[in-house]
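Student: Dropping the structure in here first, questions after.
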Amino acid sequence: MDFYFPTELGEQLAFCSAAFTALAGFIMMFAPGHTFRLLGLQAQEGRPEGHGEGRSMGGFYLGFGLSAIMLAQTTIYTAFGAAFTMAAFARVISILSDKGSNLVNYLLLVVQIVLAALPLLYVFGFI
């Protein structure tokens, strides 16, 4: 099996979105403490479930990103973009409802919008 790298610009951008997500998931999975500090979260002492949840979330990102890379199908990119669209929508709700109006939330919102837009723009033929 050969490694497939797309030739069209739109698919390359969708591929890069998936690769970034896989890399972020890898980091989250193997360094949940650093991830929590970066996000301003904290696992409670004596409760390993917090790190377990961080690793699980990282595993999901890693698996979803690698699936999009390996399968390289428009339906996978559609699901990928839709998932990040809903994540960005949830972050907007958090900013408005949870008094989460801070720099980190806005930066992560921009990242999620970009990760959603790149595959969806490719799938719908805009790039």
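Simple scheme: letters A, B, ... for chains in structure tokens order, numbers from 1 for residues in each chain, numbers from 1 for ligands in the order shown.
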Would you pick out the contacts of Ala24 (chain A) at 8 Å or less, using only C-alpha atoms, so that residues sharing its chain but fewer than 2 positions from it are not included, and give the list as a count of residues only?
Tutor: 9
Student: Would you list the contacts of Leu108 (chain A) as a PyMOL selection string, taking every protein, DNA or RNA residue within 12 Å and counting only C-alpha atoms, but skipping same-chain residues closer than 2 positions in sequence?
Tutor: chain A and resi 38-39+84+87-92+94-95+100-106+110-115
Student: Report as a ChimeraX atom specification all protein, DNA and RNA residues lying within 10 Å of Gly25 (chain A), evaluated on only C-alpha atoms, omitting residues in the same chain fewer than 6 positions from it.
Tutor: /A:19,31-32,54-66
Student: Do you have the CA of Thr7 (chain A)-CA of Leu121 (chain A) distance handy?
Tutor: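 So the answer is 15.9 Å.
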Student: If we count only C-alpha atoms and set the cut-off at 7 Å, which residues sit around Ala14 (chain A), ignoring sequence neighbours fewer than 6 positions away in its own chain? Please answer as a PDB file with N, CA, C and O atoms, in the first residue's frame.
Tutor:
ATOM      1  N   LEU A 118     -11.905  23.776   5.936  1.00  0.00           N
ATOM      2  CA  LEU A 118     -11.034  23.225   4.890  1.00  0.00           C
ATOM      3  C   LEU A 118     -11.614  21.979   4.234  1.00  0.00           C
ATOM      4  O   LEU A 118     -11.702  21.929   3.000  1.00  0.00           O
ATOM      5  N   PRO A 119     -12.025  20.954   4.984  1.00  0.00           N
ATOM      6  CA  PRO A 119     -12.602  19.802   4.285  1.00  0.00           C
ATOM      7  C   PRO A 119     -13.955  20.100   3.645  1.00  0.00           C
ATOM      8  O   PRO A 119     -14.264  19.584   2.566  1.00  0.00           O
ATOM      9  N   TYR A 122     -13.589  21.869   0.321  1.00  0.00           N
ATOM     10  CA  TYR A 122     -13.172  20.900  -0.697  1.00  0.00           C
ATOM     11  C   TYR A 122     -14.352  20.045  -1.156  1.00  0.00           C
ATOM     12  O   TYR A 122     -14.594  19.872  -2.346  1.00  0.00           O
TER      13      TYR A 122
END
Student: Identify, on the basis of only C-alpha atoms, every residue whose closest approach to Phe124 (chain A) does not exceed 12 Å; exclude the query and any residue fewer than 6 positions from it along the same chain; express the result as a ChimeraX atom specification.
Tutor: /A:10-11,14,74-75,77-78,81,117-118
Student: Can I get the selected residues back with C-alpha atoms, as a short mmCIF file (atom, residue, chain, number, x, y, z; two decimals), in the first residue's frame?
Tutor:
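Written out: again.cif:
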data_model
loop_
_atom_site.label_atom_id
_atom_site.label_comp_id
_atom_site.auth_asym_id
_atom_site.auth_seq_id
_atom_site.Cartn_x
_atom_site.Cartn_y
_atom_site.Cartn_z
CA GLY A 10 -8.62 21.56 -2.07
CA GLU A 11 -7.98 17.97 -1.13
CA ALA A 14 -8.60 18.86 3.72
CA THR A 74 -15.36 12.88 0.32
CA THR A 75 -17.88 11.33 2.72
CA TYR A 77 -14.16 14.65 4.81
CA THR A 78 -17.83 15.66 5.06
CA GLY A 81 -16.02 18.95 8.63
CA ALA A 117 -13.95 24.84 6.72
CA LEU A 118 -11.03 23.23 4.89
#
Student: Looking only at alpha helix (DSSP H) from DSSP on the backbone, list the matching residues of region 22-72 of chain A as number ranges by chain.
Tutor: A: 22-30, 32-39, 49-71
Student: Could you turn the residues from that selection into a file that holds N, CA, C and O atoms, as a compact mmCIF listing (two decimals), in the first residue's frame?
Tutor:
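Contents of the output file out-v9.txt:
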# COMPACT_ATOMS: atom_id res chain seq x y z
N ALA A 22 -4.92 14.74 13.65
CA ALA A 22 -4.25 13.51 14.09
C ALA A 22 -3.05 13.86 14.97
O ALA A 22 -2.83 13.20 16.01
N LEU A 23 -2.28 14.86 14.60
CA LEU A 23 -1.13 15.27 15.41
C LEU A 23 -1.58 15.79 16.77
O LEU A 23 -1.00 15.42 17.81
N ALA A 24 -2.62 16.62 16.79
CA ALA A 24 -3.14 17.12 18.06
C ALA A 24 -3.65 15.96 18.92
O ALA A 24 -3.42 15.93 20.13
N GLY A 25 -4.31 15.00 18.30
CA GLY A 25 -4.79 13.83 19.03
C GLY A 25 -3.66 13.01 19.60
O GLY A 25 -3.74 12.52 20.73
N PHE A 26 -2.58 12.86 18.84
CA PHE A 26 -1.41 12.12 19.32
C PHE A 26 -0.83 12.80 20.57
O PHE A 26 -0.54 12.14 21.56
N ILE A 27 -0.71 14.11 20.51
CA ILE A 27 -0.17 14.86 21.65
C ILE A 27 -1.11 14.75 22.85
O ILE A 27 -0.68 14.52 23.99
N MET A 28 -2.41 14.87 22.60
CA MET A 28 -3.39 14.77 23.69
C MET A 28 -3.38 13.38 24.32
O MET A 28 -3.54 13.25 25.53
N MET A 29 -3.18 12.38 23.49
CA MET A 29 -3.22 11.00 23.98
C MET A 29 -2.00 10.66 24.84
O MET A 29 -2.13 9.98 25.86
N PHE A 30 -0.84 11.13 24.43
CA PHE A 30 0.37 10.76 25.13
C PHE A 30 0.90 11.82 26.10
O PHE A 30 1.84 11.55 26.85
N PRO A 32 -1.43 14.08 28.25
CA PRO A 32 -2.66 14.75 28.69
C PRO A 32 -2.41 15.85 29.71
O PRO A 32 -3.13 16.85 29.75
N GLY A 33 -1.38 15.71 30.54
CA GLY A 33 -1.08 16.74 31.53
C GLY A 33 -0.71 18.05 30.87
O GLY A 33 -1.18 19.13 31.27
N HIS A 34 0.14 17.99 29.85
CA HIS A 34 0.52 19.20 29.13
C HIS A 34 -0.68 19.79 28.39
O HIS A 34 -0.84 21.01 28.33
N THR A 35 -1.50 18.92 27.83
CA THR A 35 -2.70 19.39 27.13
C THR A 35 -3.63 20.10 28.08
O THR A 35 -4.16 21.17 27.77
N PHE A 36 -3.84 19.52 29.26
CA PHE A 36 -4.71 20.15 30.25
C PHE A 36 -4.18 21.51 30.67
O PHE A 36 -4.94 22.47 30.81
N ARG A 37 -2.87 21.61 30.89
CA ARG A 37 -2.29 22.91 31.28
C ARG A 37 -2.49 23.93 30.17
O ARG A 37 -2.80 25.09 30.43
N LEU A 38 -2.28 23.52 28.92
CA LEU A 38 -2.46 24.43 27.79
C LEU A 38 -3.90 24.92 27.70
O LEU A 38 -4.14 26.09 27.40
N LEU A 39 -4.85 24.05 27.98
CA LEU A 39 -6.26 24.41 27.90
C LEU A 39 -6.81 25.02 29.19
O LEU A 39 -7.97 25.41 29.25
N GLU A 49 -9.26 9.36 36.39
CA GLU A 49 -10.24 9.42 35.31
C GLU A 49 -10.05 10.67 34.45
O GLU A 49 -10.37 10.66 33.26
N GLY A 50 -9.55 11.74 35.04
CA GLY A 50 -9.34 12.97 34.28
C GLY A 50 -8.34 12.76 33.16
O GLY A 50 -8.57 13.14 32.02
N HIS A 51 -7.21 12.14 33.49
CA HIS A 51 -6.22 11.86 32.45
C HIS A 51 -6.74 10.83 31.47
O HIS A 51 -6.44 10.89 30.28
N GLY A 52 -7.53 9.89 31.97
CA GLY A 52 -8.13 8.89 31.07
C GLY A 52 -9.05 9.54 30.05
O GLY A 52 -9.06 9.15 28.88
N GLU A 53 -9.81 10.52 30.48
CA GLU A 53 -10.70 11.22 29.56
C GLU A 53 -9.90 12.02 28.53
O GLU A 53 -10.25 12.06 27.35
N GLY A 54 -8.83 12.66 28.97
CA GLY A 54 -7.97 13.39 28.05
C GLY A 54 -7.33 12.47 27.02
O GLY A 54 -7.27 12.79 25.83
N ARG A 55 -6.85 11.32 27.47
CA ARG A 55 -6.26 10.35 26.55
C ARG A 55 -7.31 9.81 25.58
O ARG A 55 -7.05 9.62 24.39
N SER A 56 -8.51 9.56 26.08
CA SER A 56 -9.59 9.06 25.23
C SER A 56 -9.96 10.09 24.16
O SER A 56 -10.16 9.73 22.99
N MET A 57 -10.05 11.34 24.55
CA MET A 57 -10.35 12.40 23.60
C MET A 57 -9.24 12.49 22.55
O MET A 57 -9.51 12.65 21.36
N GLY A 58 -8.01 12.39 22.99
CA GLY A 58 -6.89 12.40 22.06
C GLY A 58 -6.93 11.21 21.11
O GLY A 58 -6.64 11.35 19.91
N GLY A 59 -7.30 10.05 21.63
CA GLY A 59 -7.42 8.87 20.78
C GLY A 59 -8.49 9.04 19.72
O GLY A 59 -8.34 8.61 18.58
N PHE A 60 -9.60 9.69 20.09
CA PHE A 60 -10.66 9.95 19.12
C PHE A 60 -10.16 10.87 18.01
O PHE A 60 -10.37 10.61 16.83
N TYR A 61 -9.49 11.96 18.38
CA TYR A 61 -8.95 12.88 17.38
C TYR A 61 -7.93 12.18 16.49
O TYR A 61 -7.94 12.37 15.27
N LEU A 62 -7.06 11.40 17.11
CA LEU A 62 -6.05 10.68 16.33
C LEU A 62 -6.71 9.71 15.37
O LEU A 62 -6.36 9.65 14.19
N GLY A 63 -7.67 8.93 15.84
CA GLY A 63 -8.34 7.96 14.99
C GLY A 63 -9.13 8.60 13.87
O GLY A 63 -9.10 8.13 12.72
N PHE A 64 -9.84 9.67 14.17
CA PHE A 64 -10.64 10.34 13.15
C PHE A 64 -9.74 10.99 12.10
O PHE A 64 -10.00 10.90 10.89
N GLY A 65 -8.66 11.63 12.55
CA GLY A 65 -7.73 12.25 11.61
C GLY A 65 -7.04 11.22 10.72
O GLY A 65 -6.94 11.40 9.51
N LEU A 66 -6.59 10.11 11.32
CA LEU A 66 -5.93 9.07 10.52
C LEU A 66 -6.91 8.39 9.58
O LEU A 66 -6.53 8.01 8.46
N SER A 67 -8.15 8.22 10.00
CA SER A 67 -9.16 7.63 9.11
C SER A 67 -9.36 8.50 7.88
O SER A 67 -9.45 8.00 6.75
N ALA A 68 -9.45 9.81 8.09
CA ALA A 68 -9.62 10.73 6.96
C ALA A 68 -8.40 10.69 6.04
O ALA A 68 -8.54 10.74 4.82
N ILE A 69 -7.22 10.57 6.61
CA ILE A 69 -6.00 10.52 5.81
C ILE A 69 -5.94 9.22 5.01
O ILE A 69 -5.65 9.22 3.81
N MET A 70 -6.19 8.10 5.68
CA MET A 70 -6.04 6.79 5.02
C MET A 70 -7.14 6.52 4.00
O MET A 70 -6.88 5.94 2.95
N LEU A 71 -8.37 6.93 4.29
CA LEU A 71 -9.47 6.62 3.39
C LEU A 71 -9.62 7.66 2.27
O LEU A 71 -10.02 7.32 1.17
Student: Which is closer to Gln73 (chain A) than all the others in A:Leu96, A:Leu9, A:Val123, A:Ser17, using only C-alpha atoms?
Tutor: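 Selected residue with least distance to Gln73 (chain A): A:Val123.
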Student: CA of Ala18 (chain A) and CA of Ala72 (chain A), how far apart in Å?
Tutor: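 Straight-line distance from CA of Ala72 (chain A) to CA of Ala18 (chain A) works out to 9.8 Å.
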Student: Report, in Å with one decimal, the straight-line distance from CA of Ser97 (chain A) to CA of Glu45 (chain A).
Tutor: 28.3 Å
